[in-house]
$ cat query-v2.cif   # mmCIF, C-alpha atoms
data_coords
loop_
_atom_site.label_atom_id
_atom_site.label_comp_id
_atom_site.auth_asym_id
_atom_site.auth_seq_id
_atom_site.Cartn_x
_atom_site.Cartn_y
_atom_site.Cartn_z
CA MET A 235 20.02 -4.26 -11.91
CA LEU A 236 19.71 -1.17 -9.79
CA ASP A 237 22.83 0.74 -8.77
CA THR A 238 22.01 0.91 -5.06
CA ALA A 239 25.20 2.80 -4.20
CA ARG A 240 24.16 5.63 -6.50
CA ILE A 241 20.53 5.47 -5.40
CA ARG A 242 21.47 5.77 -1.73
CA GLN A 243 23.14 9.11 -2.43
CA ASP A 244 19.70 10.50 -3.32
CA PHE A 245 18.30 9.82 0.17
CA PRO A 246 19.75 12.16 2.78
CA ILE A 247 18.31 10.27 5.76
CA LEU A 248 20.37 7.19 4.92
CA SER A 249 23.56 9.01 5.87
CA ARG A 250 22.53 9.48 9.50
CA LYS A 251 23.51 7.32 12.46
CA VAL A 252 21.22 5.75 15.04
CA ASN A 253 22.69 4.84 18.41
CA GLY A 254 26.14 5.61 17.05
CA VAL A 255 25.98 3.26 14.06
CA PRO A 256 24.85 3.75 10.46
CA LEU A 257 21.10 3.55 9.95
CA VAL A 258 19.83 0.34 8.34
CA TYR A 259 16.29 1.21 7.32
CA LEU A 260 14.19 -1.93 6.85
CA ASP A 261 10.72 -0.62 7.63
CA ASN A 262 9.68 0.21 4.09
CA ALA A 263 6.35 -1.61 4.22
CA ALA A 264 5.31 0.95 6.85
CA THR A 265 6.75 3.97 5.05
CA SER A 266 9.55 4.59 2.59
CA GLN A 267 12.24 7.24 2.70
CA LYS A 268 12.19 10.23 0.35
CA PRO A 269 14.73 11.20 -2.31
CA ARG A 270 15.95 14.77 -2.61
CA SER A 271 13.87 15.30 -5.74
CA VAL A 272 10.67 14.74 -3.76
CA ILE A 273 11.85 16.95 -0.92
CA ARG A 274 12.80 19.68 -3.41
CA ALA A 275 9.38 19.47 -5.07
CA LEU A 276 7.70 20.15 -1.71
CA VAL A 277 10.03 23.02 -0.86
CA ASP A 278 9.65 24.49 -4.34
CA TYR A 279 5.88 24.54 -4.05
CA TYR A 280 5.91 26.29 -0.68
CA GLU A 281 8.64 28.74 -1.65
CA ARG A 282 7.51 29.66 -5.16
CA TYR A 283 3.81 29.07 -5.89
CA ASN A 284 1.96 28.09 -2.72
CA SER A 285 -1.69 28.77 -3.49
CA ASN A 286 -5.13 27.19 -3.51
CA VAL A 287 -6.02 25.39 -6.72
CA HIS A 288 -8.85 25.59 -9.27
CA ARG A 289 -11.01 28.64 -9.89
CA GLY A 290 -8.20 31.05 -9.07
CA VAL A 291 -7.25 33.34 -11.96
CA HIS A 292 -4.02 34.67 -10.49
CA THR A 293 -0.64 33.28 -11.51
CA LEU A 294 0.18 31.32 -8.37
CA SER A 295 -3.18 29.54 -8.35
CA MET A 296 -2.87 28.61 -12.00
CA GLU A 297 0.68 27.31 -11.48
CA ALA A 298 -0.42 25.24 -8.47
CA THR A 299 -3.41 23.87 -10.36
CA ASP A 300 -1.27 22.91 -13.34
CA ALA A 301 1.31 21.19 -11.11
CA MET A 302 -1.29 19.20 -9.17
CA GLU A 303 -3.13 18.09 -12.30
CA GLU A 304 0.17 17.16 -13.94
CA ALA A 305 0.86 14.95 -10.91
CA ARG A 306 -2.56 13.35 -11.34
CA GLN A 307 -1.68 12.54 -14.94
CA LYS A 308 1.64 11.04 -13.85
CA VAL A 309 -0.10 8.76 -11.36
CA ALA A 310 -2.70 7.77 -13.96
CA ASP A 311 0.04 6.84 -16.42
CA PHE A 312 1.99 4.99 -13.70
CA VAL A 313 -0.86 2.49 -13.16
CA ASN A 314 -2.22 2.74 -16.73
CA ALA A 315 -5.55 4.28 -15.75
CA GLU A 316 -7.90 5.06 -18.62
CA SER A 317 -7.94 8.75 -17.74
CA PRO A 318 -6.63 11.12 -15.06
CA SER A 319 -10.27 11.68 -14.09
CA CYS A 320 -10.19 8.10 -12.75
CA ILE A 321 -7.59 9.15 -10.16
CA ILE A 322 -9.03 10.51 -6.90
CA TRP A 323 -6.73 12.12 -4.35
CA THR A 324 -7.24 10.83 -0.81
CA ARG A 325 -5.21 11.02 2.39
CA ASN A 326 -4.02 7.41 2.21
CA THR A 327 -5.00 3.86 1.22
CA THR A 328 -7.34 3.60 4.20
CA GLU A 329 -9.37 6.61 3.12
CA ALA A 330 -9.50 5.34 -0.46
CA LEU A 331 -10.90 2.00 0.71
CA ASN A 332 -13.44 3.75 2.92
CA LEU A 333 -14.45 5.91 -0.02
CA VAL A 334 -15.43 2.76 -1.91
CA ALA A 335 -17.16 1.32 1.16
CA GLN A 336 -19.23 4.43 1.84
CA GLY A 337 -19.68 5.76 -1.69
CA TRP A 338 -20.16 2.53 -3.62
CA ALA A 339 -20.83 -0.47 -1.39
CA MET A 340 -23.43 1.22 0.81
CA GLU A 341 -25.38 1.97 -2.36
CA HIS A 342 -24.83 -1.24 -4.30
CA VAL A 343 -24.63 -4.10 -1.78
CA ALA A 344 -28.08 -5.36 -0.82
CA ALA A 345 -29.35 -7.55 2.00
CA GLY A 346 -28.50 -11.19 1.40
CA GLU A 347 -25.65 -10.42 -0.99
CA ARG A 348 -22.01 -11.21 -0.30
CA ILE A 349 -18.71 -9.41 0.06
CA VAL A 350 -15.60 -11.58 -0.29
CA THR A 351 -12.15 -10.70 1.03
CA THR A 352 -9.11 -12.71 2.13
CA ALA A 353 -7.62 -14.03 5.35
CA MET A 354 -4.52 -11.84 5.00
CA GLU A 355 -6.09 -8.40 4.74
CA HIS A 356 -4.90 -5.27 6.52
CA HIS A 357 -7.57 -4.02 8.90
CA SER A 358 -8.24 -1.21 6.42
CA ASN A 359 -9.49 -3.75 3.89
CA LEU A 360 -11.48 -5.76 6.42
CA VAL A 361 -13.15 -3.46 8.94
CA PRO A 362 -14.95 -1.29 6.33
CA TRP A 363 -16.52 -4.43 4.84
CA GLN A 364 -17.56 -5.67 8.27
CA ARG A 365 -19.42 -2.40 8.69
CA VAL A 366 -21.01 -2.55 5.23
CA ALA A 367 -22.10 -6.15 5.78
CA ARG A 368 -23.57 -5.32 9.16
CA GLU A 369 -25.43 -2.21 8.02
CA ARG A 370 -26.63 -3.63 4.71
CA GLY A 371 -27.51 -7.11 5.98
CA ALA A 372 -24.92 -8.73 3.71
CA GLU A 373 -22.60 -11.68 4.35
CA LEU A 374 -18.83 -11.27 4.60
CA ARG A 375 -16.91 -14.28 3.31
CA ILE A 376 -13.18 -14.98 3.68
CA LEU A 377 -10.88 -16.70 1.19
CA PRO A 378 -8.69 -18.88 3.46
CA LEU A 379 -4.94 -19.21 3.76
CA ALA A 380 -2.94 -22.20 2.52
CA GLU A 381 -0.06 -23.65 4.53
CA ASP A 382 2.57 -21.97 2.36
CA GLY A 383 1.18 -18.49 3.00
CA ALA A 384 -0.63 -18.24 -0.33
CA LEU A 385 -4.37 -18.08 -0.74
CA ASP A 386 -6.22 -21.38 -0.76
CA LEU A 387 -8.31 -21.06 -3.92
CA SER A 388 -9.55 -24.65 -4.04
CA ASP A 389 -13.10 -23.49 -3.25
CA VAL A 390 -12.91 -20.08 -4.89
CA ASN A 391 -15.84 -20.73 -7.23
CA SER A 392 -18.14 -21.61 -4.35
CA ILE A 393 -16.96 -18.74 -2.13
CA ILE A 394 -17.24 -16.19 -4.95
CA ASP A 395 -20.68 -17.10 -6.24
CA THR A 396 -23.56 -15.40 -8.03
CA ARG A 397 -24.69 -13.72 -4.79
CA THR A 398 -21.32 -11.95 -4.50
CA ARG A 399 -21.46 -8.21 -5.08
CA LEU A 400 -17.88 -7.24 -4.25
CA VAL A 401 -14.54 -9.07 -4.14
CA THR A 402 -11.61 -7.28 -2.56
CA ALA A 403 -8.05 -8.50 -2.02
CA VAL A 404 -4.64 -7.21 -1.09
CA HIS A 405 -2.23 -7.45 -4.02
CA VAL A 406 0.85 -7.99 -1.82
CA SER A 407 0.39 -8.88 1.83
CA ASN A 408 2.05 -6.47 4.25
CA SER A 409 2.42 -9.28 6.82
CA LEU A 410 3.41 -12.25 4.66
CA GLY A 411 4.76 -10.76 1.45
CA THR A 412 2.45 -13.03 -0.55
CA ILE A 413 1.65 -11.82 -4.06
CA ASN A 414 -1.97 -12.67 -4.71
CA PRO A 415 -3.37 -13.65 -8.16
CA VAL A 416 -5.46 -10.51 -8.50
CA LYS A 417 -5.96 -10.92 -12.23
CA ALA A 418 -7.54 -14.35 -11.70
CA LEU A 419 -9.67 -13.02 -8.85
CA ALA A 420 -10.81 -10.13 -11.05
CA ALA A 421 -11.80 -12.61 -13.75
CA ARG A 422 -13.81 -14.68 -11.28
CA ALA A 423 -15.52 -11.57 -9.93
CA LYS A 424 -16.46 -10.55 -13.46
CA GLU A 425 -17.91 -14.02 -14.15
CA VAL A 426 -20.44 -13.59 -11.33
CA GLY A 427 -21.12 -9.89 -11.97
CA ALA A 428 -19.24 -8.61 -8.91
CA ALA A 429 -16.99 -5.58 -8.63
CA PHE A 430 -13.31 -6.13 -7.81
CA LEU A 431 -11.16 -3.93 -5.58
CA VAL A 432 -7.39 -4.22 -5.04
CA ASP A 433 -5.43 -2.94 -2.05
CA GLY A 434 -2.29 -1.93 -3.92
CA ALA A 435 -0.44 -0.27 -1.04
CA GLN A 436 2.38 -2.83 -1.13
CA SER A 437 2.39 -3.55 -4.86
CA VAL A 438 2.24 -0.23 -6.70
CA PRO A 439 5.55 0.95 -5.13
CA HIS A 440 7.40 -2.28 -5.88
CA MET A 441 6.40 -3.72 -9.25
CA PRO A 442 4.77 -2.77 -12.54
CA VAL A 443 1.01 -2.47 -11.97
CA ASP A 444 -1.51 -2.10 -14.77
CA VAL A 445 -5.06 -1.64 -13.55
CA GLN A 446 -6.53 -2.27 -16.98
CA ASP A 447 -4.60 -5.51 -17.38
CA ILE A 448 -5.67 -6.67 -13.91
CA GLY A 449 -9.26 -5.81 -14.73
CA CYS A 450 -10.05 -4.24 -11.37
CA ASP A 451 -12.84 -1.75 -10.78
CA PHE A 452 -10.97 -0.06 -7.92
CA MET A 453 -7.42 0.13 -6.61
CA ALA A 454 -6.16 1.98 -3.54
CA PHE A 455 -2.57 2.97 -2.72
CA SER A 456 -0.52 5.54 -0.79
CA GLY A 457 2.20 8.03 -1.68
CA HIS A 458 4.34 7.56 1.42
CA LYS A 459 5.08 3.90 0.64
CA MET A 460 6.41 4.79 -2.83
CA LEU A 461 8.99 7.47 -1.97
CA GLY A 462 6.35 10.20 -1.76
CA PRO A 463 5.06 12.32 1.12
CA THR A 464 2.71 11.22 3.86
CA GLY A 465 -0.86 12.46 3.78
CA ILE A 466 -1.54 11.69 0.13
CA GLY A 467 -3.16 8.58 -1.32
CA VAL A 468 -5.04 7.51 -4.42
CA LEU A 469 -8.21 5.75 -5.34
CA TYR A 470 -8.24 4.54 -8.91
CA ALA A 471 -11.72 3.66 -10.13
CA ARG A 472 -13.13 2.88 -13.53
CA ARG A 473 -15.10 5.84 -14.79
CA GLU A 474 -18.29 3.81 -14.95
CA ALA A 475 -17.89 2.90 -11.28
CA LEU A 476 -17.19 6.50 -10.25
CA GLU A 477 -20.27 7.73 -12.07
CA ARG A 478 -22.37 5.32 -10.01
CA MET A 479 -20.87 6.41 -6.68
CA GLU A 480 -22.12 8.97 -4.22
CA PRO A 481 -19.61 11.46 -2.80
CA PHE A 482 -18.06 10.45 0.51
CA LEU A 483 -17.70 14.11 1.60
CA VAL A 484 -19.76 17.10 0.50
CA GLY A 485 -19.07 20.82 0.64
CA GLY A 486 -16.74 23.09 -1.26
CA GLU A 487 -15.12 22.26 -4.60
CA MET A 488 -17.14 19.09 -5.22
CA VAL A 489 -20.33 20.94 -6.19
CA LEU A 490 -21.43 22.29 -9.55
CA GLN A 491 -24.52 24.31 -8.60
CA VAL A 492 -25.85 25.13 -5.13
CA SER A 493 -29.10 26.73 -4.03
CA TYR A 494 -30.64 27.04 -0.58
CA GLU A 495 -32.64 23.93 -1.34
CA ASP A 496 -30.34 21.63 -3.29
CA ALA A 497 -26.95 21.00 -4.89
CA THR A 498 -25.56 19.18 -7.90
CA TRP A 499 -22.17 17.49 -8.07
CA ASN A 500 -19.09 18.58 -9.99
CA ASP A 501 -17.47 16.63 -12.79
CA LEU A 502 -14.98 13.85 -12.13
CA PRO A 503 -12.62 13.73 -10.34
CA MET A 504 -13.44 16.82 -8.27
CA ARG A 505 -16.80 15.33 -7.26
CA PHE A 506 -14.88 13.21 -4.77
CA GLU A 507 -12.38 15.83 -3.59
CA ALA A 508 -14.31 18.08 -1.26
CA GLY A 509 -12.51 21.07 0.22
CA THR A 510 -8.98 22.27 -0.35
CA PRO A 511 -6.91 19.29 -1.56
CA ASN A 512 -3.45 18.34 -0.36
CA VAL A 513 -1.76 20.25 -3.15
CA ALA A 514 1.84 20.04 -1.97
CA ASP A 515 1.85 16.32 -1.31
CA ALA A 516 0.08 15.52 -4.57
CA ILE A 517 2.90 17.36 -6.34
CA GLY A 518 5.40 15.47 -4.19
CA MET A 519 3.80 12.19 -5.19
CA GLY A 520 4.18 13.18 -8.81
CA ALA A 521 7.89 13.71 -8.17
CA ALA A 522 8.09 10.26 -6.56
CA VAL A 523 6.52 8.74 -9.67
CA ASP A 524 9.15 10.52 -11.78
CA TYR A 525 11.90 9.02 -9.62
CA LEU A 526 10.50 5.49 -9.84
CA ASN A 527 10.01 5.81 -13.58
CA GLY A 528 13.63 6.86 -13.84
CA LEU A 529 14.68 3.65 -12.10
CA GLY A 530 12.28 1.50 -14.11
CA MET A 531 9.69 -0.59 -12.31
CA ASP A 532 10.91 -3.82 -13.89
CA ARG A 533 14.32 -3.20 -12.36
CA VAL A 534 12.75 -2.23 -9.03
CA ARG A 535 11.02 -5.60 -8.98
CA GLU A 536 14.19 -7.46 -10.05
CA HIS A 537 16.11 -5.85 -7.20
CA GLU A 538 13.41 -6.85 -4.75
CA ILE A 539 13.43 -10.47 -5.89
CA GLN A 540 17.22 -10.59 -5.56
CA ILE A 541 17.45 -9.09 -2.09
CA THR A 542 14.44 -11.02 -0.79
CA GLY A 543 15.91 -14.30 -2.02
CA TYR A 544 19.22 -13.43 -0.37
CA ALA A 545 17.42 -12.64 2.90
CA LEU A 546 15.34 -15.83 2.81
CA ASP A 547 18.50 -17.91 2.36
CA ALA A 548 20.22 -16.11 5.22
CA PHE A 549 17.26 -16.44 7.57
CA GLY A 550 16.92 -20.09 6.64
CA GLU A 551 20.26 -20.79 8.33
CA ILE A 552 19.00 -19.55 11.73
CA GLU A 553 17.73 -22.39 13.87
CA ASP A 554 14.47 -22.06 15.82
CA LEU A 555 13.35 -19.06 13.79
CA ASP A 556 10.16 -19.14 11.73
CA VAL A 557 9.81 -17.04 8.58
CA PHE A 558 6.27 -16.73 7.25
CA GLY A 559 5.13 -16.44 3.65
CA PRO A 560 5.99 -18.20 0.37
CA ALA A 561 9.48 -19.66 0.07
CA ASP A 562 9.92 -18.52 -3.55
CA PRO A 563 11.05 -14.86 -3.73
CA GLU A 564 9.32 -14.53 -7.11
CA LYS A 565 6.01 -15.23 -5.39
CA ARG A 566 6.38 -12.63 -2.66
CA GLY A 567 7.22 -9.01 -2.13
CA GLY A 568 10.19 -7.75 -0.15
CA VAL A 569 8.62 -8.45 3.25
CA ILE A 570 10.25 -10.89 5.70
CA PRO A 571 8.19 -11.57 8.86
CA PHE A 572 10.06 -13.65 11.43
CA HIS A 573 9.17 -15.15 14.80
CA THR A 574 10.44 -17.40 17.57
CA THR A 575 8.64 -18.49 20.70
CA GLU A 576 11.72 -17.59 22.74
CA VAL A 577 11.95 -13.89 21.82
CA HIS A 578 9.04 -11.47 21.69
CA ALA A 579 8.79 -9.41 18.52
CA HIS A 580 9.13 -6.16 20.46
CA ASP A 581 12.33 -7.43 22.09
CA PHE A 582 13.70 -8.16 18.63
CA GLY A 583 12.84 -4.61 17.65
CA THR A 584 14.58 -3.12 20.68
CA VAL A 585 17.79 -5.10 20.20
CA LEU A 586 17.88 -4.35 16.48
CA ASP A 587 17.37 -0.65 17.11
CA ARG A 588 20.49 -0.65 19.29
CA ARG A 589 22.32 -1.75 16.15
CA GLY A 590 20.73 1.05 14.12
CA ILE A 591 18.31 -1.31 12.37
CA ALA A 592 14.73 -0.15 11.86
CA VAL A 593 12.14 -2.95 11.53
CA ARG A 594 8.44 -3.12 12.37
CA THR A 595 7.11 -5.24 15.24
CA GLY A 596 3.57 -6.20 16.21
CA HIS A 597 0.51 -7.53 14.42
CA HIS A 598 0.94 -5.13 11.45
CA CYS A 599 -2.78 -4.31 11.43
CA THR A 600 -3.55 -7.94 10.57
CA MET A 601 -4.77 -9.33 13.89
CA PRO A 602 -7.00 -12.06 12.36
CA LEU A 603 -4.05 -13.24 10.27
CA MET A 604 -1.81 -13.41 13.34
CA GLU A 605 -4.45 -15.57 15.03
CA THR A 606 -4.50 -17.85 11.98
CA LEU A 607 -0.70 -18.13 12.15
CA GLY A 608 -0.89 -18.88 15.86
CA VAL A 609 1.30 -15.97 16.95
CA ALA A 610 0.64 -12.70 18.76
CA ALA A 611 3.12 -10.69 16.69
CA THR A 612 6.07 -10.89 14.33
CA ALA A 613 9.11 -8.80 13.61
CA ARG A 614 9.11 -7.64 10.00
CA ALA A 615 11.95 -6.50 7.78
CA SER A 616 10.92 -4.95 4.48
CA PHE A 617 13.11 -3.83 1.60
CA TYR A 618 13.14 -1.15 -1.07
CA VAL A 619 15.30 0.24 -3.85
CA TYR A 620 18.07 1.55 -1.57
CA ASN A 621 18.59 -1.59 0.53
CA THR A 622 21.63 -3.83 0.04
CA GLU A 623 22.71 -7.39 0.75
CA GLU A 624 25.24 -5.95 3.20
CA GLU A 625 22.34 -4.54 5.18
CA VAL A 626 20.71 -7.97 5.18
CA ASP A 627 23.93 -9.35 6.67
CA VAL A 628 23.82 -6.72 9.42
CA LEU A 629 20.19 -7.63 10.11
CA VAL A 630 20.84 -11.37 10.30
CA ASP A 631 23.83 -10.91 12.61
CA ALA A 632 21.69 -8.72 14.90
CA VAL A 633 18.85 -11.27 14.93
CA LYS A 634 21.33 -13.98 15.91
CA GLU A 635 22.68 -11.70 18.64
CA ALA A 636 19.16 -11.08 19.96
CA MET A 637 18.44 -14.81 20.06
CA ARG A 638 21.66 -15.52 21.93
CA TYR A 639 20.86 -12.72 24.37
CA PHE A 640 17.43 -14.05 25.24
CA LEU A 641 18.01 -17.80 24.83
CA ASP A 642 21.22 -18.35 26.79
CA GLY A 643 21.87 -15.01 28.46
CA SER A 644 25.13 -14.34 26.62
CA ARG A 645 26.09 -10.72 26.19
#

$ encode --input "query-v2.cif" --output "structure tokens"
Amino acid sequence: MLDTARIRQDFPILSRKVNGVPLVYLDNAATSQKPRSVIRALVDYYERYNSNVHRGVHTLSMEATDAMEEARQKVADFVNAESPSCIIWTRNTTEALNLVAQGWAMEHVAAGERIVTTAMEHHSNLVPWQRVARERGAELRILPLAEDGALDLSDVNSIIDTRTRLVTAVHVSNSLGTINPVKALAARAKEVGAAFLVDGAQSVPHMPVDVQDIGCDFMAFSGHKMLGPTGIGVLYARREALERMEPFLVGGEMVLQVSYEDATWNDLPMRFEAGTPNVADAIGMGAAVDYLNGLGMDRVREHEIQITGYALDAFGEIEDLDVFGPADPEKRGGVIPFHTTEVHAHDFGTVLDRRGIAVRTGHHCTMPLMETLGVAATARASFYVYNTEEEVDVLVDAVKEAMRYFLDGSR
């Protein structure tokens, strides 16, 4: 198991106090904290070899280029991509998903064809497909939710049929914690000749992910949710898929030859990285991958199962509180959404913050899912490698305090 006491020493922010008490950071599904090694990698770049990459023949440019491309290789190895040229730097998961929507789907989804997604998607993996369906005259279909918070796949073969051109699903739900059977969905997509895309924002940071084993054509994820900087994300795509895509952005860096009349595109992956890339944060993401590899992703996942199970047991003892998502911690990520009709999610968040506890409140960019659940919002605690069972105890005590405060007026 992970040595959380040692790990916590690597994260300077965890030593601060909020409202006079030690910080309990449980908002990791929104963004994770950064270890010193990632922070040092950013500082080192800016202090020692800050420069634009590619084409430069001076020392700083070559050092920056080497460091950024080394980070690309690290990310490729982390998800077992066939080649680093299958890794495209983006700003975040959202941009990576939009890159597929604009660069692939707009070219390959025809009128009368179907796009299939799920009832638990983040807006970033729903709204782009609404636009594609509308503009291309396609049909958007939704895989429904079962009562236990898993996908209802009883009609999967009729929903994903021979008219389906693209299937896309979140690997781990940011609002329920549900781990979806992406390998089975990929197999079904392949049976009908459809492409398969995975939103890996909540899975890649928390468990071993192998894109070749899954069999996906595309996967999107972000650096800031996996101990890396904000402003850097990744689109993995099979080389064959990338070669059939049009660039999302055009301009500098992504061109091979340009005349006044025409232009040709650069080789992969630069064809999809127009303009000056986010060099520093790509390097920082590489440092985050190093840190996670040092922990071991199997152990990261084991820790998450343990702490999530502990939290589910503790929350289960609170009367009149609903916890959404699968009951088995092995079937969910470290995300605990909770709700009661007597306390608004934002009020939970305010009371918890007074105790130094950071959670997320609201619809979590899953408004259709909230409607399906019959709630306007939830409070959400989410765990990572530095969280402890003692912090879960602090959270549960604070939730009980908030419920007493609002239910019977006790102070």

$ closest_atom_pairs --input "query-v2.cif" --of "segment 451-510 of chain A" --to "segment 595-619 of chain A" --cutoff "12 Å" --atoms "only C-alpha atoms" --output "Markdown table"
| residue | atom | partner | partner_atom | distance |
| --- | --- | --- | --- | --- |
| A:Lys459 | CA | A:Tyr618 | CA | 9.7 |
| A:Met460 | CA | A:Tyr618 | CA | 9.1 |
| A:Leu461 | CA | A:Tyr618 | CA | 9.6 |

$ closest_atom_pairs --input "query-v2.cif" --of "segment 424-478 of chain A" --to "segment 409-414 of chain A" --cutoff "12 Å" --atoms "only C-alpha atoms" --output "Markdown table"
| residue | atom | partner | partner_atom | distance |
| --- | --- | --- | --- | --- |
| A:Val432 | CA | A:Asn414 | CA | 10.0 |
| A:Asp433 | CA | A:Asn414 | CA | 10.7 |
| A:Gly434 | CA | A:Ile413 | CA | 10.6 |
| A:Ala435 | CA | A:Gly411 | CA | 12.0 |
| A:Gln436 | CA | A:Gly411 | CA | 8.7 |
| A:Ser437 | CA | A:Ile413 | CA | 8.3 |
| A:Val438 | CA | A:Ile413 | CA | 11.9 |
| A:His440 | CA | A:Ile413 | CA | 11.3 |
| A:Met441 | CA | A:Ile413 | CA | 10.7 |
| A:Ile448 | CA | A:Asn414 | CA | 11.6 |

$ residues_around --input "query-v2.cif" --residues "segment 380-393 of chain A" --least-positions-apart "4" --cutoff "10 Å" --atoms "only C-alpha atoms" --output "NGL selection string"
:A and (348-354 or 375-376 or 397-398 or 407 or 410-415 or 419 or 422-423 or 425-426 or 558-561 or 565-566 or 607)

$ write_last_selection --input "query-v2.cif" --atoms "C-alpha atoms" --output "CSV table (one decimal), keeping the file's coordinate frame"
chain,number,residue,atom,x,y,z
A,348,ARG,CA,-22.0,-11.2,-0.3
A,349,ILE,CA,-18.7,-9.4,0.1
A,350,VAL,CA,-15.6,-11.6,-0.3
A,351,THR,CA,-12.2,-10.7,1.0
A,352,THR,CA,-9.1,-12.7,2.1
A,353,ALA,CA,-7.6,-14.0,5.4
A,354,MET,CA,-4.5,-11.8,5.0
A,375,ARG,CA,-16.9,-14.3,3.3
A,376,ILE,CA,-13.2,-15.0,3.7
A,397,ARG,CA,-24.7,-13.7,-4.8
A,398,THR,CA,-21.3,-12.0,-4.5
A,407,SER,CA,0.4,-8.9,1.8
A,410,LEU,CA,3.4,-12.2,4.7
A,411,GLY,CA,4.8,-10.8,1.4
A,412,THR,CA,2.4,-13.0,-0.6
A,413,ILE,CA,1.6,-11.8,-4.1
A,414,ASN,CA,-2.0,-12.7,-4.7
A,415,PRO,CA,-3.4,-13.6,-8.2
A,419,LEU,CA,-9.7,-13.0,-8.8
A,422,ARG,CA,-13.8,-14.7,-11.3
A,423,ALA,CA,-15.5,-11.6,-9.9
A,425,GLU,CA,-17.9,-14.0,-14.2
A,426,VAL,CA,-20.4,-13.6,-11.3
A,558,PHE,CA,6.3,-16.7,7.2
A,559,GLY,CA,5.1,-16.4,3.6
A,560,PRO,CA,6.0,-18.2,0.4
A,561,ALA,CA,9.5,-19.7,0.1
A,565,LYS,CA,6.0,-15.2,-5.4
A,566,ARG,CA,6.4,-12.6,-2.7
A,607,LEU,CA,-0.7,-18.1,12.2

$ residues_around --input "query-v2.cif" --residues "Tyr283 of chain A" --least-positions-apart "2" --cutoff "8 Å" --atoms "only C-alpha atoms" --output "list of chain:residue names"
A:Asp278, A:Tyr279, A:Tyr280, A:Glu281, A:Ser285, A:Leu294, A:Ser295, A:Glu297, A:Ala298

$ closest_residue --input "query-v2.cif" --among "A:Ala632, A:Ile541, A:Ala372, A:Ile552" --to "Val585 of chain A" --atoms "only C-alpha atoms"
A:Ala632

$ closest_residue --input "query-v2.cif" --among "A:Ala522, A:Ala497, A:Met479, A:Leu641" --to "Asp554 of chain A" --atoms "only C-alpha atoms"
A:Leu641

$ resolve_selection --input "query-v2.cif" --expression "the PyMOL selection byres ((chain A and resi 315) around 12)" --output "JSON, numbers by chain"
{"A": [306, 307, 308, 309, 310, 311, 312, 313, 314, 316, 317, 318, 319, 320, 321, 322, 443, 444, 445, 446, 447, 448, 449, 450, 451, 452, 453, 468, 469, 470, 471, 472, 473]}

$ residues_around --input "query-v2.cif" --residues "Ala367 of chain A" --least-positions-apart "5" --cutoff "10 Å" --atoms "all atoms listed in the file" --output "list in words"
Ala339, Met340, Val343, Ala344, Ala345, Gly346, Glu347, Arg348, Ile349, Val361, Pro362, Ala372, Glu373, Leu374 and Arg375 of chain A

$ resolve_selection --input "query-v2.cif" --expression "the PyMOL selection byres ((chain A and resi 483) around 10)" --output "number ranges by chain"
A: 333, 336-337, 480-482, 484-486, 488, 505-509

$ atom_distance --input "query-v2.cif" --atom1 "atom CA of Asp515 of chain A" --atom2 "atom CA of Arg274 of chain A"
11.6 Å

$ residues_near_point --input "query-v2.cif" --point "(-8.8, 16.0, 2.2)" --cutoff "9 Å" --atoms "all atoms listed in the file" --output "JSON, numbers by chain"
{"A": [323, 324, 325, 465, 466, 507, 508, 509, 510, 511, 512]}

$ atom_distance --input "query-v2.cif" --atom1 "atom CA of Arg399 of chain A" --atom2 "atom CA of Asn500 of chain A"
27.3 Å

$ resolve_selection --input "query-v2.cif" --expression "the PyMOL selection byres ((chain A and resi 239) around 12)" --output "ChimeraX atom specification"
/A:235-238,240-245,248-249,619-624

$ atom_distance --input "query-v2.cif" --atom1 "atom CA of Glu564 of chain A" --atom2 "atom CA of Thr402 of chain A"
22.6 Å

$ closest_residue --input "query-v2.cif" --among "A:His405, A:Arg270, A:Arg370, A:Arg638" --to "Glu355 of chain A" --atoms "all atoms listed in the file"
A:His405

$ closest_residue --input "query-v2.cif" --among "A:Leu400, A:Val255, A:Val277, A:Met302" --to "Ile517 of chain A" --atoms "only C-alpha atoms"
A:Met302

$ axis_aligned_box --input "query-v2.cif" --around "segment 483-487 of chain A" --padding-each-side "6 Å" --output "AutoDock Vina command-line options"
--center_x -17.4 --center_y 18.6 --center_z -1.5 --size_x 16.6 --size_y 21.0 --size_z 18.2

$ closest_residue --input "query-v2.cif" --among "A:Val577, A:Ile394, A:Val252, A:Val401" --to "Phe640 of chain A" --atoms "all atoms listed in the file"
A:Val577

$ closest_residue --input "query-v2.cif" --among "A:Glu551, A:Ala545, A:Tyr525, A:Lys634" --to "Leu260 of chain A" --atoms "only C-alpha atoms"
A:Ala545
